[in-house]
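Dropping my_file.tsv in here (TSV, C-alpha atoms):
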chain	number	residue	atom	x	y	z
X	9	GLN	CA	11.13	45.00	2.13
X	10	VAL	CA	14.87	45.06	2.80
X	11	GLN	CA	16.18	42.72	5.46
X	12	LEU	CA	19.68	42.46	6.92
X	13	VAL	CA	21.21	39.30	8.35
X	14	GLU	CA	24.54	39.43	10.17
X	15	SER	CA	26.89	36.51	10.69
X	16	GLY	CA	30.47	35.82	11.72
X	17	GLY	CA	30.42	36.72	15.38
X	18	GLY	CA	31.91	34.50	18.04
X	19	LEU	CA	34.52	34.10	20.74
X	20	VAL	CA	38.07	35.19	19.97
X	21	GLN	CA	41.17	35.81	22.04
X	22	VAL	CA	42.80	39.18	22.49
X	23	GLY	CA	44.78	40.07	19.39
X	24	GLY	CA	42.73	37.79	17.19
X	25	SER	CA	40.64	38.54	14.13
X	26	LEU	CA	37.09	38.06	12.93
X	27	ARG	CA	35.17	38.97	9.81
X	28	LEU	CA	31.54	39.90	10.13
X	29	SER	CA	29.18	39.69	7.18
X	30	CYS	CA	25.84	41.36	6.58
X	31	ALA	CA	23.70	39.99	3.78
X	32	ALA	CA	20.91	42.19	2.48
X	33	SER	CA	17.81	41.27	0.54
X	34	GLY	CA	16.43	43.53	-2.15
X	35	ARG	CA	17.55	44.74	-5.54
X	36	THR	CA	18.65	48.23	-4.55
X	37	PHE	CA	21.39	47.30	-2.05
X	38	SER	CA	24.01	49.04	-4.15
X	39	THR	CA	22.32	52.40	-3.57
X	40	TYR	CA	22.47	52.26	0.24
X	41	THR	CA	25.02	53.69	2.59
X	42	MET	CA	25.84	50.85	4.97
X	43	GLY	CA	27.29	50.81	8.44
X	44	TRP	CA	28.28	48.77	11.43
X	45	PHE	CA	27.38	49.73	14.99
X	46	ARG	CA	27.99	47.99	18.29
X	47	GLN	CA	26.41	47.88	21.69
X	48	ALA	CA	28.22	46.67	24.78
X	49	PRO	CA	26.29	45.53	27.85
X	50	GLY	CA	24.79	48.48	29.68
X	51	LYS	CA	25.94	50.98	27.05
X	52	GLU	CA	24.44	52.80	24.12
X	53	ARG	CA	24.76	51.67	20.54
X	54	ASP	CA	27.79	53.32	18.96
X	55	PHE	CA	28.93	53.87	15.42
X	56	VAL	CA	31.84	51.67	14.31
X	57	ALA	CA	32.27	52.06	10.56
X	58	GLY	CA	30.39	53.23	7.47
X	59	ILE	CA	30.72	52.87	3.72
X	60	ASN	CA	29.06	54.72	0.87
X	61	TRP	CA	27.13	53.10	-1.96
X	62	SER	CA	30.14	52.47	-4.19
X	63	GLY	CA	32.63	51.57	-1.50
X	64	GLY	CA	34.72	54.57	-2.47
X	65	SER	CA	34.33	56.29	0.89
X	66	THR	CA	34.70	54.72	4.30
X	67	TYR	CA	34.40	56.12	7.80
X	68	TYR	CA	35.57	54.79	11.16
X	69	ALA	CA	35.22	55.51	14.83
X	70	ASP	CA	38.53	56.58	16.33
X	71	SER	CA	38.53	53.53	18.57
X	72	VAL	CA	38.76	51.13	15.62
X	73	LYS	CA	40.81	53.08	13.05
X	74	GLY	CA	43.72	51.04	11.80
X	75	ARG	CA	42.25	47.79	13.15
X	76	PHE	CA	38.88	47.42	11.43
X	77	THR	CA	38.09	47.54	7.72
X	78	ILE	CA	34.64	47.89	6.21
X	79	SER	CA	34.01	46.75	2.65
X	80	ARG	CA	31.13	45.76	0.43
X	81	ASP	CA	30.39	43.52	-2.52
X	82	ASN	CA	27.37	44.90	-4.32
X	83	ALA	CA	27.17	41.86	-6.58
X	84	LYS	CA	26.61	39.74	-3.47
X	85	ASN	CA	24.48	42.29	-1.59
X	86	THR	CA	26.89	41.96	1.32
X	87	VAL	CA	28.88	44.30	3.54
X	88	TYR	CA	31.79	43.10	5.63
X	89	LEU	CA	33.66	44.20	8.72
X	90	ARG	CA	37.14	42.81	9.08
X	91	MET	CA	38.30	43.17	12.68
X	92	ASN	CA	41.96	42.72	13.57
X	93	SER	CA	43.93	43.14	16.79
X	94	LEU	CA	40.78	42.67	18.82
X	95	LYS	CA	40.66	43.99	22.36
X	96	PRO	CA	38.39	43.11	25.30
X	97	GLU	CA	36.68	46.48	24.87
X	98	ASP	CA	35.55	45.40	21.40
X	99	THR	CA	33.20	42.91	23.06
X	100	ALA	CA	29.67	43.83	22.01
X	101	VAL	CA	26.72	42.93	19.87
X	102	TYR	CA	27.50	44.18	16.38
X	103	TYR	CA	24.66	45.47	14.23
X	104	CYS	CA	24.55	46.10	10.53
X	105	ALA	CA	22.57	49.11	9.33
X	106	ALA	CA	21.33	50.31	5.96
X	107	ASP	CA	20.31	53.88	5.22
X	108	LEU	CA	17.42	53.54	2.81
X	109	SER	CA	17.08	57.34	2.80
X	110	ASP	CA	18.15	60.29	4.94
X	111	TYR	CA	15.34	59.42	7.34
X	112	ASP	CA	15.00	55.67	7.10
X	113	ARG	CA	17.58	53.35	8.66
X	114	ILE	CA	17.01	49.66	9.13
X	115	TRP	CA	18.90	47.24	11.37
X	116	GLY	CA	19.90	43.64	11.39
X	117	GLN	CA	19.37	41.39	14.39
X	118	GLY	CA	22.95	41.65	15.60
X	119	THR	CA	25.80	39.22	16.10
X	120	LEU	CA	27.75	38.83	19.33
X	121	VAL	CA	31.51	39.30	19.42
X	122	THR	CA	33.30	38.31	22.61
X	123	VAL	CA	37.00	39.02	23.05
X	124	SER	CA	38.58	37.07	25.88
X	125	SER	CA	41.81	37.98	27.63

Could you quickly redo this structure as structure tokens?
Amino acid sequence: QVQLVESGGGLVQVGGSLRLSCAASGRTFSTYTMGWFRQAPGKERDFVAGINWSGGSTYYADSVKGRFTISRDNAKNTVYLRMNSLKPEDTAVYYCAADLSDYDRIWGQGTLVTVSS
């Protein structure tokens, strides 16, 4: 069974940077579309960024375009989210997701990012 474990969250000042990592178990990681989502207190979980199996295609929410970069290393079964120029509104729990099929998405446990002003 595939499991996802996020890391790299923490407290950062406005304008700072963080890199989140999501390590996946399983031998078929390289076949999955991967994504990052976030959920702020009292709000719904929103899409942040996605990447296809090869890393050749990436997708971003408008709110993070130009500031966040998603990437993956299939040899390490890991997907990353580099976050630059962080804003207070980026404060949220960030979740990694893997699309095992068109109908089967699994989630990590989440990692908290807090941006202080």

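Selecting by distance to (35.0, 49.3, 0.9) with a limit of 7 Å and using all atoms listed in the file, one obtains X:Ile59, X:Gly63, X:Gly64, X:Thr66, X:Ile78, X:Ser79, X:Arg80.
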
Exercise. For Leu94 of chain X, which residue among X:Val22, X:Ala31, X:Ala57, X:Ile114 is the nearest when counting all atoms listed in the file?
Worked result: X:Val22

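Here the residues that fall within 7 Å of (42.6, 44.5, 15.6), using only C-alpha atoms, are given as Gly23, Gly24, Ser25, Arg75, Phe76, Met91, Asn92, Ser93 and Leu94 of chain X.
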
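From atom CA of Trp115 of chain X back to atom CA of Tyr68 of chain X, the distance works out to 18.3 Å.
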
Exercise. Of the candidates X:Arg113, X:Ser124, X:Gln47, X:Cys104, which shows the shortest atom-to-atom distance to Leu28 of chain X, using only C-alpha atoms?
Worked result: X:Cys104

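Of the listed residues X:Ala69, X:Tyr103, X:Phe37, X:Gly17, the one whose atoms come nearest to Gly116 of chain X is X:Tyr103, with distances taken using only C-alpha atoms.
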
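Atom pair atom CA of Gly16 of chain X / atom CA of Asp70 of chain X has a distance of 22.7 Å (rounded to one decimal).
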
For this session: Using all atoms listed in the file, find the one residue out of X:Lys73, X:Leu12, X:Thr36, X:Ala100 that sits nearest to Gly50 of chain X.
Result: X:Ala100

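Proximity of X:Thr41, X:Gln21, X:Thr122, X:Gln9 to Ala105 of chain X, computed with only C-alpha atoms, is greatest for X:Thr41.
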
Problem set entry | From X:Asp98, X:Asp81, X:Ser125, X:Val13, residue lying nearest Ala48 of chain X [all atoms listed in the file] | X:Asp98

Problem set entry | Pairwise distance for atom CA of Tyr102 of chain X and atom CA of Leu120 of chain X, rounded to one decimal in Å | 6.1 Å

Around all the atoms of segment 43-57 of chain X listed in the file, with 6 Å of room on each side, what axis-aligned box do you get, giving centre and edge lengths in Å to one decimal, as AutoDock Vina command-line options?
--center_x 28.4 --center_y 49.7 --center_z 19.1 --size_x 19.8 --size_y 20.3 --size_z 33.2
